[in-house]
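J.: Below is the file target20.cif, which contains mmCIF, C-alpha atoms and all ligand atoms.
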data_run
loop_
_atom_site.label_atom_id
_atom_site.label_comp_id
_atom_site.auth_asym_id
_atom_site.auth_seq_id
_atom_site.Cartn_x
_atom_site.Cartn_y
_atom_site.Cartn_z
CA MET A 1 -82.66 6.57 54.58
CA SER A 2 -84.09 9.59 52.78
CA GLN A 3 -82.41 11.21 49.81
CA TYR A 4 -82.86 14.93 49.31
CA GLN A 5 -82.42 17.19 46.31
CA ILE A 6 -80.56 20.42 46.89
CA HIS A 7 -80.95 23.08 44.27
CA VAL A 8 -77.97 25.44 44.44
CA GLN A 9 -78.83 28.84 43.09
CA PRO A 10 -75.77 30.70 41.94
CA ASP A 11 -74.51 27.49 40.29
CA ASN A 12 -78.00 26.64 39.02
CA ARG A 13 -77.39 22.95 39.74
CA THR A 14 -79.29 20.29 41.60
CA ILE A 15 -77.27 17.93 43.75
CA GLU A 16 -78.33 15.05 45.92
CA GLY A 17 -77.54 14.15 49.50
CA LYS A 18 -78.56 11.67 52.15
CA GLU A 19 -80.24 12.36 55.46
CA GLY A 20 -77.58 12.92 58.11
CA GLN A 21 -75.04 14.57 55.79
CA THR A 22 -74.25 18.24 56.20
CA ILE A 23 -75.01 20.58 53.32
CA LEU A 24 -71.32 21.50 53.18
CA ASP A 25 -70.28 17.84 52.78
CA ILE A 26 -72.89 17.25 50.10
CA ALA A 27 -71.80 20.41 48.31
CA SER A 28 -68.08 19.67 48.40
CA ARG A 29 -68.64 16.08 47.22
CA ASN A 30 -70.46 17.52 44.23
CA GLY A 31 -67.96 20.23 43.43
CA VAL A 32 -70.06 23.11 44.76
CA LYS A 33 -67.48 25.44 46.30
CA ILE A 34 -68.92 26.86 49.49
CA LYS A 35 -66.12 28.37 51.61
CA VAL A 36 -64.96 26.22 54.53
CA GLY A 37 -63.53 27.51 57.81
CA CYS A 38 -63.68 25.69 61.13
CA LYS A 39 -66.32 23.08 60.27
CA GLY A 40 -67.49 23.58 63.83
CA GLY A 41 -70.21 26.18 63.54
CA GLY A 42 -67.89 28.76 65.08
CA CYS A 43 -66.64 31.04 62.31
CA GLY A 44 -69.56 31.68 59.97
CA ILE A 45 -67.48 31.39 56.79
CA CYS A 46 -69.72 28.63 55.38
CA LYS A 47 -72.96 30.60 55.72
CA ILE A 48 -75.73 29.90 53.18
CA LYS A 49 -79.33 31.03 52.80
CA VAL A 50 -82.10 28.48 52.62
CA LEU A 51 -84.74 29.78 50.21
CA GLU A 52 -87.08 26.81 50.27
CA GLY A 53 -87.48 23.64 52.30
CA GLU A 54 -86.58 22.45 55.77
CA VAL A 55 -83.15 22.12 57.37
CA GLU A 56 -81.93 21.06 60.80
CA ARG A 57 -79.42 23.74 61.78
CA GLY A 58 -77.46 21.87 64.46
CA ILE A 59 -75.37 23.57 67.15
CA SER A 60 -73.56 26.75 66.21
CA SER A 61 -72.13 29.94 67.63
CA ARG A 62 -74.71 32.71 68.17
CA SER A 63 -72.11 35.35 67.34
CA VAL A 64 -71.84 34.13 63.73
CA LEU A 65 -75.47 33.06 63.19
CA SER A 66 -77.96 35.24 65.04
CA LEU A 67 -81.59 34.36 65.74
CA GLU A 68 -82.54 37.12 63.34
CA GLU A 69 -80.48 35.54 60.56
CA ILE A 70 -82.06 32.17 61.28
CA GLU A 71 -85.45 33.79 60.86
CA GLN A 72 -84.31 35.15 57.50
CA GLY A 73 -83.31 31.64 56.41
CA TYR A 74 -79.57 31.69 56.96
CA ALA A 75 -77.77 28.56 58.11
CA LEU A 76 -74.20 27.34 58.56
CA SER A 77 -73.68 24.70 55.91
CA CYS A 78 -71.04 22.84 57.97
CA LYS A 79 -73.70 22.08 60.58
CA ALA A 80 -77.03 22.20 58.72
CA GLU A 81 -78.59 19.05 57.32
CA PRO A 82 -81.45 18.91 54.82
CA LYS A 83 -84.79 17.62 56.11
CA SER A 84 -86.60 17.96 52.77
CA ASP A 85 -85.71 18.95 49.24
CA ILE A 86 -84.26 22.44 49.54
CA VAL A 87 -83.17 25.46 47.55
CA ILE A 88 -80.08 27.29 48.79
CA THR A 89 -77.94 30.19 47.77
CA TYR A 90 -74.49 31.28 48.90
CA GLU A 91 -71.98 33.99 48.21
CA LYS A 92 -69.47 33.03 45.55
CA LYS A 93 -66.13 34.68 45.87
CA MET B 94 -41.73 39.81 91.18
CA ALA B 95 -43.04 39.13 87.70
CA ILE B 96 -45.29 37.19 85.40
CA MET B 97 -44.05 33.59 85.27
CA ARG B 98 -46.08 32.12 82.44
CA LEU B 99 -49.32 31.89 80.54
CA GLY B 100 -51.35 30.00 83.11
CA ARG B 101 -54.75 29.50 81.57
CA VAL B 102 -57.27 30.20 78.87
CA GLN B 103 -61.04 29.97 79.16
CA LEU B 104 -62.70 28.93 75.90
CA ARG B 105 -66.38 29.08 75.05
CA CYS B 106 -67.89 25.99 73.50
CA PRO B 107 -71.41 25.95 72.02
CA ASN B 108 -70.96 22.36 70.86
CA TRP B 109 -70.58 21.32 74.48
CA GLU B 110 -70.50 17.53 74.79
CA LYS B 111 -68.45 17.02 71.66
CA SER B 112 -66.00 19.72 72.71
CA VAL B 113 -65.50 18.25 76.18
CA HIS B 114 -64.94 14.83 74.62
CA TYR B 115 -62.47 16.28 72.13
CA TYR B 116 -60.39 18.19 74.70
CA LYS B 117 -60.18 15.15 76.96
CA ASN B 118 -59.79 12.29 74.51
CA VAL B 119 -58.45 13.67 71.24
CA LEU B 120 -56.29 16.57 72.39
CA GLY B 121 -55.72 14.64 75.61
CA LEU B 122 -56.02 17.05 78.52
CA ILE B 123 -56.88 15.76 81.99
CA GLU B 124 -60.13 16.77 83.73
CA THR B 125 -59.60 18.04 87.27
CA ALA B 126 -63.01 19.49 88.13
CA ARG B 127 -66.36 20.53 86.72
CA ASP B 128 -69.47 22.48 87.61
CA GLU B 129 -72.69 22.94 85.73
CA ASN B 130 -71.28 25.12 82.96
CA HIS B 131 -67.53 24.51 83.09
CA VAL B 132 -64.98 21.74 82.76
CA TYR B 133 -61.51 22.34 84.21
CA LEU B 134 -58.58 20.69 82.46
CA LYS B 135 -54.81 20.52 82.73
CA ALA B 136 -52.05 19.30 80.42
CA TRP B 137 -50.26 16.36 81.99
CA ASP B 138 -46.93 17.98 82.89
CA GLU B 139 -48.50 21.05 84.48
CA ARG B 140 -48.57 20.99 88.25
CA ASP B 141 -51.32 23.54 88.84
CA HIS B 142 -54.97 22.51 89.05
CA HIS B 143 -55.95 23.68 85.55
CA SER B 144 -54.77 25.56 82.49
CA VAL B 145 -57.85 25.30 80.28
CA ILE B 146 -61.42 26.01 81.33
CA LEU B 147 -64.16 25.09 78.88
CA GLU B 148 -67.34 27.10 79.22
CA LYS B 149 -70.76 26.03 77.98
CA ALA B 150 -71.86 29.07 75.96
CA ASP B 151 -73.91 30.37 73.04
CA SER B 152 -70.91 31.58 71.06
CA ALA B 153 -67.40 30.28 70.48
CA GLY B 154 -64.33 32.31 71.44
CA LEU B 155 -62.10 33.33 74.31
CA ASP B 156 -63.58 34.32 77.67
CA HIS B 157 -60.22 35.37 79.10
CA LEU B 158 -56.55 34.47 79.29
CA ALA B 159 -54.49 34.60 82.47
CA PHE B 160 -50.88 34.83 83.56
CA LYS B 161 -49.51 33.41 86.79
CA VAL B 162 -47.37 35.82 88.81
CA GLU B 163 -44.56 34.85 91.17
CA ASN B 164 -45.86 36.36 94.42
CA ALA B 165 -49.22 37.22 95.94
CA GLU B 166 -48.00 40.85 96.34
CA ASP B 167 -47.58 41.09 92.58
CA LEU B 168 -51.35 41.49 92.29
CA ASP B 169 -51.30 44.79 94.21
CA TYR B 170 -48.16 45.92 92.44
CA TYR B 171 -49.46 45.30 88.93
CA GLU B 172 -52.95 46.54 89.70
CA LYS B 173 -51.43 49.88 90.65
CA LYS B 174 -49.11 49.86 87.67
CA LEU B 175 -51.96 49.14 85.25
CA ILE B 176 -54.03 52.01 86.62
CA GLU B 177 -51.03 54.33 86.41
CA TYR B 178 -50.45 53.19 82.84
CA GLY B 179 -53.96 54.38 82.03
CA VAL B 180 -55.77 51.06 81.66
CA GLN B 181 -59.45 51.85 82.20
CA GLU B 182 -61.03 48.57 83.24
CA VAL B 183 -59.05 47.11 86.15
CA ASP B 184 -61.05 44.85 88.49
CA ARG B 185 -60.58 42.19 91.13
CA ILE B 186 -61.99 38.70 90.79
CA PRO B 187 -62.53 37.30 94.31
CA ALA B 188 -60.96 34.05 95.54
CA GLY B 189 -63.24 31.09 94.98
CA TYR B 190 -64.96 32.63 91.97
CA ARG B 191 -63.63 29.64 90.07
CA ILE B 192 -62.73 26.21 91.38
CA ALA B 193 -59.27 25.92 93.01
CA GLU B 194 -58.31 29.55 92.28
CA GLY B 195 -57.40 32.45 94.54
CA GLU B 196 -57.91 36.12 93.84
CA ALA B 197 -57.18 37.63 90.44
CA VAL B 198 -56.69 41.06 88.89
CA ARG B 199 -58.60 41.47 85.66
CA PHE B 200 -58.13 44.09 82.95
CA ARG B 201 -58.92 44.66 79.29
CA VAL B 202 -56.17 45.14 76.71
CA PRO B 203 -56.48 47.53 73.73
CA THR B 204 -57.25 44.63 71.36
CA GLY B 205 -60.31 43.87 73.50
CA GLN B 206 -59.48 40.67 75.37
CA LEU B 207 -59.86 40.22 79.13
CA VAL B 208 -56.60 39.30 80.82
CA GLU B 209 -56.17 38.13 84.41
CA LEU B 210 -53.21 37.89 86.75
CA TYR B 211 -53.28 35.36 89.56
CA HIS B 212 -50.93 33.73 91.98
CA GLU B 213 -52.93 31.31 94.07
CA ILE B 214 -54.09 28.07 92.55
CA GLU B 215 -54.27 24.58 93.98
CA VAL B 216 -51.28 22.40 93.10
CA VAL B 217 -52.11 18.87 92.01
CA GLY B 218 -48.76 17.77 90.55
CA ASN B 219 -47.93 16.11 87.24
CA GLY B 220 -48.46 12.49 88.23
CA LEU B 221 -44.75 11.85 88.70
CA PRO B 222 -42.71 11.70 91.92
CA LEU B 223 -40.18 14.45 92.65
CA VAL B 224 -37.51 11.85 93.38
CA ASN B 225 -36.25 9.57 90.60
CA PRO B 226 -39.22 10.14 88.26
CA ASP B 227 -39.92 8.40 84.97
CA PRO B 228 -40.19 10.70 81.93
CA TRP B 229 -43.99 10.52 81.68
CA PRO B 230 -46.89 9.06 83.64
CA ASP B 231 -49.08 6.14 82.57
CA GLY B 232 -52.52 6.58 81.13
CA LEU B 233 -51.97 9.49 78.70
CA VAL B 234 -54.46 9.62 75.84
CA GLY B 235 -54.67 11.50 72.54
CA MET B 236 -52.05 14.06 71.55
CA ALA B 237 -51.28 14.53 75.26
CA PRO B 238 -49.42 17.85 75.16
CA PRO B 239 -47.30 18.36 78.29
CA ARG B 240 -48.34 22.00 78.56
CA LEU B 241 -50.24 24.99 77.27
CA ASP B 242 -47.73 27.08 75.31
CA HIS B 243 -49.10 30.34 73.90
CA LEU B 244 -52.00 32.00 72.19
CA LEU B 245 -52.57 34.45 69.35
CA ILE B 246 -55.11 37.19 69.97
CA ALA B 247 -56.54 39.59 67.40
CA GLY B 248 -57.68 43.19 67.39
CA ASP B 249 -57.14 46.59 65.94
CA ASP B 250 -54.49 48.16 68.15
CA VAL B 251 -51.70 45.58 67.93
CA GLU B 252 -49.14 48.17 68.98
CA GLY B 253 -51.21 49.21 72.02
CA THR B 254 -51.54 45.67 73.38
CA SER B 255 -47.90 44.88 72.62
CA ASN B 256 -46.67 48.02 74.33
CA LEU B 257 -48.82 47.33 77.38
CA PHE B 258 -47.26 43.89 77.88
CA MET B 259 -43.76 45.25 77.32
CA ASP B 260 -44.11 48.43 79.39
CA VAL B 261 -46.12 47.10 82.33
CA PHE B 262 -44.96 43.48 82.59
CA GLY B 263 -41.53 43.55 80.93
CA PHE B 264 -42.34 41.29 78.00
CA ASN B 265 -39.86 41.32 75.13
CA MET B 266 -40.56 41.22 71.41
CA ALA B 267 -39.02 38.18 69.72
CA GLU B 268 -40.37 38.92 66.26
CA ARG B 269 -42.70 41.28 64.47
CA LEU B 270 -44.43 41.45 61.12
CA VAL B 271 -44.68 44.94 59.69
CA THR B 272 -46.11 46.61 56.60
CA GLU B 273 -43.63 47.09 53.78
CA GLU B 274 -43.02 50.68 54.74
CA GLY B 275 -42.27 49.32 58.21
CA GLU B 276 -44.66 51.75 59.82
CA GLU B 277 -47.36 49.55 61.20
CA TYR B 278 -47.36 46.31 63.17
CA ILE B 279 -49.39 43.54 61.54
CA ALA B 280 -48.40 41.08 64.26
CA THR B 281 -46.01 40.73 67.20
CA TRP B 282 -44.57 37.74 69.08
CA LEU B 283 -43.97 38.53 72.74
CA PHE B 284 -42.23 36.52 75.46
CA LYS B 285 -41.69 36.56 79.17
CA THR B 286 -40.33 33.00 79.41
CA ASN B 287 -37.51 31.73 77.17
CA THR B 288 -39.62 30.73 74.18
CA PRO B 289 -40.29 33.05 71.22
CA HIS B 290 -43.89 33.64 72.24
CA ASP B 291 -46.05 33.37 75.31
CA LEU B 292 -48.49 35.71 73.62
CA ALA B 293 -48.79 36.87 70.03
CA VAL B 294 -50.98 39.67 68.75
CA ILE B 295 -52.29 40.09 65.20
CA LYS B 296 -54.35 42.67 63.37
CA GLY B 297 -57.87 41.25 63.03
CA PRO B 298 -61.37 41.31 64.46
CA GLN B 299 -61.43 43.06 67.83
CA GLY B 300 -61.44 40.87 70.95
CA LYS B 301 -61.16 37.60 69.06
CA VAL B 302 -58.74 34.71 69.34
CA HIS B 303 -56.90 33.16 66.40
CA HIS B 304 -55.59 30.06 68.15
CA VAL B 305 -54.48 28.48 71.39
CA GLY B 306 -51.17 26.60 71.11
CA PHE B 307 -50.11 23.52 73.06
CA TRP B 308 -46.58 22.20 73.27
CA LEU B 309 -45.44 18.82 71.95
CA ASP B 310 -41.92 17.50 72.39
CA ASP B 311 -40.83 16.85 68.81
CA TRP B 312 -41.70 16.71 65.11
CA ASN B 313 -42.67 13.04 65.34
CA GLU B 314 -45.33 13.91 67.89
CA ILE B 315 -46.74 16.51 65.49
CA ARG B 316 -47.06 13.75 62.87
CA LYS B 317 -48.81 11.53 65.40
CA ALA B 318 -51.11 14.41 66.33
CA ALA B 319 -52.04 14.76 62.65
CA ASP B 320 -52.82 11.01 62.54
CA LEU B 321 -55.13 11.45 65.53
CA MET B 322 -56.89 14.36 63.84
CA ALA B 323 -57.53 12.38 60.68
CA LYS B 324 -58.67 9.40 62.74
CA ASN B 325 -61.10 11.49 64.78
CA ASP B 326 -62.47 13.65 61.97
CA VAL B 327 -60.87 16.82 63.32
CA MET B 328 -60.87 19.69 60.82
CA ILE B 329 -57.21 20.45 59.98
CA ASP B 330 -56.53 24.03 58.99
CA ALA B 331 -52.87 23.93 57.95
CA GLY B 332 -49.77 21.79 58.28
CA PRO B 333 -47.89 19.88 59.50
CA THR B 334 -45.38 22.52 58.45
CA ARG B 335 -42.79 24.97 59.74
CA HIS B 336 -43.12 28.64 60.62
CA GLY B 337 -40.43 31.01 59.36
CA ILE B 338 -41.42 33.19 62.29
CA THR B 339 -40.32 31.52 65.58
CA ARG B 340 -38.96 28.55 63.48
CA GLY B 341 -41.64 26.43 65.13
CA LEU B 342 -43.02 23.16 63.78
CA THR B 343 -46.75 23.15 63.75
CA ILE B 344 -50.19 21.93 62.79
CA TYR B 345 -53.42 23.94 63.10
CA PHE B 346 -56.88 22.47 63.59
CA PHE B 347 -60.28 23.26 65.06
CA ASP B 348 -62.12 22.05 68.14
CA PRO B 349 -65.76 20.91 67.61
CA SER B 350 -66.99 24.42 68.51
CA GLY B 351 -64.83 26.14 65.91
CA ASN B 352 -62.01 27.43 68.13
CA ARG B 353 -58.63 26.99 66.45
CA ASN B 354 -55.98 24.95 68.28
CA GLU B 355 -52.33 24.37 67.44
CA VAL B 356 -49.76 21.83 68.54
CA TYR B 357 -46.31 23.24 68.29
CA THR B 358 -42.69 22.33 68.92
CA GLY B 359 -39.21 23.69 68.14
CA GLY B 360 -38.40 27.36 68.07
CA TYR B 361 -35.35 28.83 69.73
CA MET B 362 -34.24 30.22 73.09
CA CYS B 363 -34.99 33.85 73.86
CA TYR B 364 -33.34 36.15 76.38
CA PRO B 365 -34.10 39.71 77.43
CA ASP B 366 -31.11 40.84 75.33
CA SER B 367 -32.25 38.96 72.18
CA PRO B 368 -32.74 41.34 69.25
CA THR B 369 -36.18 41.58 67.62
CA VAL B 370 -36.45 39.83 64.25
CA THR B 371 -38.49 41.72 61.67
CA TRP B 372 -40.57 40.22 58.83
CA THR B 373 -42.13 42.37 56.15
CA THR B 374 -45.45 41.62 54.47
CA ALA B 375 -43.51 41.04 51.22
CA ASP B 376 -42.35 37.70 52.68
CA ILE B 377 -45.39 36.89 54.81
CA GLY B 378 -45.87 33.50 53.07
CA ARG B 379 -42.50 32.13 54.21
CA GLY B 380 -42.89 33.83 57.55
CA ILE B 381 -46.14 32.07 58.38
CA PHE B 382 -45.77 28.76 56.46
CA TYR B 383 -42.13 28.30 55.50
CA PHE B 384 -42.57 25.22 53.30
CA GLU B 385 -45.65 26.36 51.40
CA GLY B 386 -44.50 29.96 51.02
CA GLU B 387 -48.08 31.14 51.09
CA VAL B 388 -50.87 31.48 53.60
CA ASN B 389 -54.26 29.86 53.04
CA GLU B 390 -57.21 32.23 53.11
CA ARG B 391 -58.85 30.39 55.98
CA PHE B 392 -55.82 30.98 58.20
CA THR B 393 -56.05 34.74 57.83
CA THR B 394 -59.84 35.11 57.93
CA VAL B 395 -61.13 32.63 60.53
CA PHE B 396 -61.16 33.74 64.17
CA SER B 397 -63.45 32.79 67.04
S1 LIG A 401 -67.01 26.43 58.59
FE1 LIG A 401 -66.94 27.68 60.41
S2 LIG A 401 -69.07 27.87 60.83
FE2 LIG A 401 -69.06 26.48 59.17
FE FE A 402 -49.06 29.55 67.45
#
Mind converting the file's structure to structure tokens?
T.:
Amino acid sequence: MSQYQIHVQPDNRTIEGKEGQTILDIASRNGVKIKVGCKGGGCGICKIKVLEGEVERGISSRSVLSLEEIEQGYALSCKAEPKSDIVITYEKK
Amino acid sequence: MAIMRLGRVQLRCPNWEKSVHYYKNVLGLIETARDENHVYLKAWDERDHHSVILEKADSAGLDHLAFKVENAEDLDYYEKKLIEYGVQEVDRIPAGYRIAEGEAVRFRVPTGQLVELYHEIEVVGNGLPLVNPDPWPDGLVGMAPPRLDHLLIAGDDVEGTSNLFMDVFGFNMAERLVTEEGEEYIATWLFKTNTPHDLAVIKGPQGKVHHVGFWLDDWNEIRKAADLMAKNDVMIDAGPTRHGITRGLTIYFFDPSGNRNEVYTGGYMCYPDSPTVTWTTADIGRGIFYFEGEVNERFTTVFS
């Protein structure tokens, strides 16, 4: 099973996750505090931006993650899984 | 000649297979029909064909909610009354538009949701005989709520939606949450049955739903529901705890598409002559979550 490095920008930290884990789960296990809402791809609270690398976005609600946003690199961290080493950023509160 | 109860909700589910599995096996509703894009479900003690319709969709949220009226003539009566009241969008949904349903009147409330009134629906019973029944049927799975209880809808004009239900349909206000100056409604709890809310309305994103609440019979069942959530990896939002408002016992959680659900018990009896209880935002913590005394951010910001 592949291991991937996730570089988290506002924290300036690199964390590691396994294939099949969501970015949100990897983040919370490593103390990166991305906001959590429904964990079902329905509320958009956990939105991140993928700056580099590949992710699998999973199923989510169009109303909180539009096709346009996907094109710009946005993803819902509760559903998205890394498919390569990635660089992400998110809004800290 | 009146609304009898909240009869159904239609929820949109992008995460389709997982959501259908969750509603049937974890929440524990019973499937009564399906077509290509919908699954029809009922809670076990309901006698009508369905109370929840799941819809395969791109986005999560509420398609519509519906109230069952006592007589077929009520549709004409309320259609006229709604138009006279100044409601702009009043339409008819023809019989057979959905499985097992007759005609419906559909209108939009000021907070943006579509609401339907219907009378005709196929009766399938609750699995128990009408003579010498046992207290529950065999084969229940999951949390197995006996019935749909209420829902909380969001929008800008809380007062407008509340007044519409009170003025047109004779709902009463069990409780309300107001700003400290007491001038503006933050939320209202409205009833037509004898429970503190069949419908609640809260200030929030227009046309959205905060949660759909199902009834359970006691506090122990809420604990068992929480066990089932943990066991099935269901995202718990808050609780088990008590509400100051309605005095209900509760736990909030999310379906696999991100729609919030609640299982709820307790509360008190309401009558048309019951006075309205007022909460001010100064004590909102105890009002919403009585034990914790504060509201988590997720609870006030996540809608679908
Ligand atoms: S937590 Fe709601 S979409 Fe991710
Ligand atoms: Fe509720």
J.: Can I get the residues close to ligand FE 402 (chain A) as a list of chain:residue names, where close means within 7 Å and we count only C-alpha atoms and all ligand atoms?
T.: B:His243, B:Leu244, B:Leu245, B:His304, B:Val305, B:Gly306, B:Glu355, B:Tyr357
J.: Taking (-70.0, 36.9, 60.6) as a centre in this file's frame and 9 Å as the limit, can you find every polymer residue with an atom that close, using all atoms listed in the file, and give them as number ranges by chain?
T.: A: 43-45, 47, 63-65
J.: Here is a test: counting only C-alpha atoms and all ligand atoms, which residue of A:Gly42, A:Lys18, A:Asp25, A:His7 is nearest to ligand LIG 401 (chain A)?
T.: A:Gly42
J.: List as JSON lines every residue of chain A that is in contact with ligand LIG 401 (chain A), defined as an atom at most 6 Å from one of its atoms (using all atoms listed in the file), together with the nearest atom pair and the distance in Å rounded to one decimal, sorted by chain and then rising number.
T.:
{"residue": "A:Val36", "atom": "CA", "partner": "A:LIG401", "partner_atom": "S1", "distance": 4.6}
{"residue": "A:Gly37", "atom": "CA", "partner": "A:LIG401", "partner_atom": "S1", "distance": 3.7}
{"residue": "A:Cys38", "atom": "CA", "partner": "A:LIG401", "partner_atom": "FE1", "distance": 3.9}
{"residue": "A:Lys39", "atom": "CA", "partner": "A:LIG401", "partner_atom": "S1", "distance": 3.8}
{"residue": "A:Gly40", "atom": "CA", "partner": "A:LIG401", "partner_atom": "FE1", "distance": 5.4}
{"residue": "A:Gly41", "atom": "CA", "partner": "A:LIG401", "partner_atom": "S2", "distance": 3.4}
{"residue": "A:Gly42", "atom": "CA", "partner": "A:LIG401", "partner_atom": "S2", "distance": 4.5}
{"residue": "A:Cys43", "atom": "CA", "partner": "A:LIG401", "partner_atom": "FE1", "distance": 3.9}
{"residue": "A:Gly44", "atom": "CA", "partner": "A:LIG401", "partner_atom": "S2", "distance": 3.9}
{"residue": "A:Ile45", "atom": "CA", "partner": "A:LIG401", "partner_atom": "FE1", "distance": 5.2}
{"residue": "A:Cys46", "atom": "CA", "partner": "A:LIG401", "partner_atom": "FE2", "distance": 4.4}
{"residue": "A:Leu76", "atom": "CA", "partner": "A:LIG401", "partner_atom": "FE2", "distance": 5.2}
{"residue": "A:Ser77", "atom": "CA", "partner": "A:LIG401", "partner_atom": "FE2", "distance": 5.9}
{"residue": "A:Cys78", "atom": "CA", "partner": "A:LIG401", "partner_atom": "FE2", "distance": 4.3}
J.: Could you write out that same residue set with C-alpha atoms as a tab-separated table (two decimals), in the frame of the given file?
T.:
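File produced: part29.tsv:
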chain	number	residue	atom	x	y	z
A	36	VAL	CA	-64.96	26.22	54.53
A	37	GLY	CA	-63.53	27.51	57.81
A	38	CYS	CA	-63.68	25.69	61.13
A	39	LYS	CA	-66.32	23.08	60.27
A	40	GLY	CA	-67.49	23.58	63.83
A	41	GLY	CA	-70.21	26.18	63.54
A	42	GLY	CA	-67.89	28.76	65.08
A	43	CYS	CA	-66.64	31.04	62.31
A	44	GLY	CA	-69.56	31.68	59.97
A	45	ILE	CA	-67.48	31.39	56.79
A	46	CYS	CA	-69.72	28.63	55.38
A	76	LEU	CA	-74.20	27.34	58.56
A	77	SER	CA	-73.68	24.70	55.91
A	78	CYS	CA	-71.04	22.84	57.97
J.: What is the distance, in Å and to one decimal place, between atom CA of Asn352 of chain B and atom CA of Tyr116 of chain B?
T.: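 That distance, rounded to one decimal, is 11.5 Å.
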J.: Would you list the contacts of Gly263 of chain B as a PDB file with C-alpha atoms, keeping the file's coordinate frame, taking every protein, DNA or RNA residue within 9 Å and counting all atoms listed in the file, but skipping same-chain residues closer than 2 positions in sequence?
T.:
ATOM      1  CA  ALA B  95     -43.040  39.130  87.700  1.00  0.00           C
ATOM      2  CA  ILE B  96     -45.290  37.190  85.400  1.00  0.00           C
ATOM      3  CA  LEU B 257     -48.820  47.330  77.380  1.00  0.00           C
ATOM      4  CA  PHE B 258     -47.260  43.890  77.880  1.00  0.00           C
ATOM      5  CA  MET B 259     -43.760  45.250  77.320  1.00  0.00           C
ATOM      6  CA  ASP B 260     -44.110  48.430  79.390  1.00  0.00           C
ATOM      7  CA  VAL B 261     -46.120  47.100  82.330  1.00  0.00           C
ATOM      8  CA  ASN B 265     -39.860  41.320  75.130  1.00  0.00           C
ATOM      9  CA  PHE B 284     -42.230  36.520  75.460  1.00  0.00           C
ATOM     10  CA  LYS B 285     -41.690  36.560  79.170  1.00  0.00           C
TER      11      LYS B 285
END
J.: Between atom CA of Pro230 of chain B and atom CA of Val327 of chain B, what distance in Å does the model show, to one decimal?
T.: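 Distance reported for this atom pair: 25.9 Å.
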J.: Which residue gives the smallest distance to Leu67 of chain A among B:Asp151, B:Ala165, B:Thr254, B:Thr281, with all atoms listed in the file counted?
T.: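 Selected residue with least distance to Leu67 of chain A: B:Asp151.
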J.: Tell me which protein, DNA and RNA residues are within 8 Å of Leu51 of chain A, counting only C-alpha atoms, leaving out same-chain ones fewer than 3 positions away, and put them as a short mmCIF file (atom, residue, chain, number, x, y, z; two decimals) with C-alpha atoms, keeping the file's coordinate frame.
T.:
data_model
loop_
_atom_site.label_atom_id
_atom_site.label_comp_id
_atom_site.auth_asym_id
_atom_site.auth_seq_id
_atom_site.Cartn_x
_atom_site.Cartn_y
_atom_site.Cartn_z
CA GLY A 73 -83.31 31.64 56.41
CA ILE A 86 -84.26 22.44 49.54
CA VAL A 87 -83.17 25.46 47.55
CA ILE A 88 -80.08 27.29 48.79
CA THR A 89 -77.94 30.19 47.77
#
J.: Could you tell me, as a list in words, which residues have any atom at most 10 Å from (-35.0, 24.6, 65.7), counting all atoms listed in the file?
T.: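 Residues found, by chain and rising number: Arg335, Thr339, Arg340, Gly341, Leu342, Thr358, Gly359, Gly360, Tyr361 and Met362 of chain B.
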J.: Atom CA of Gly351 of chain B and atom CA of Asn219 of chain B, how far apart in Å?
T.: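 Separating atom CA of Asn219 of chain B from atom CA of Gly351 of chain B is a distance of 29.0 Å.
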J.: Could you give me, as a count of residues only, the residues within 12 Å of Thr14 of chain A, counting all atoms listed in the file and dropping anything in the same chain fewer than 3 positions from it?
T.: 19
J.: Of the residues A:Lys35, A:Lys49, A:Arg57, A:Arg13, which is the one nearest to Glu81 of chain A, using all atoms listed in the file?
T.: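 Ranking A:Lys35, A:Lys49, A:Arg57, A:Arg13 by distance to Glu81 of chain A, first place goes to A:Arg57.
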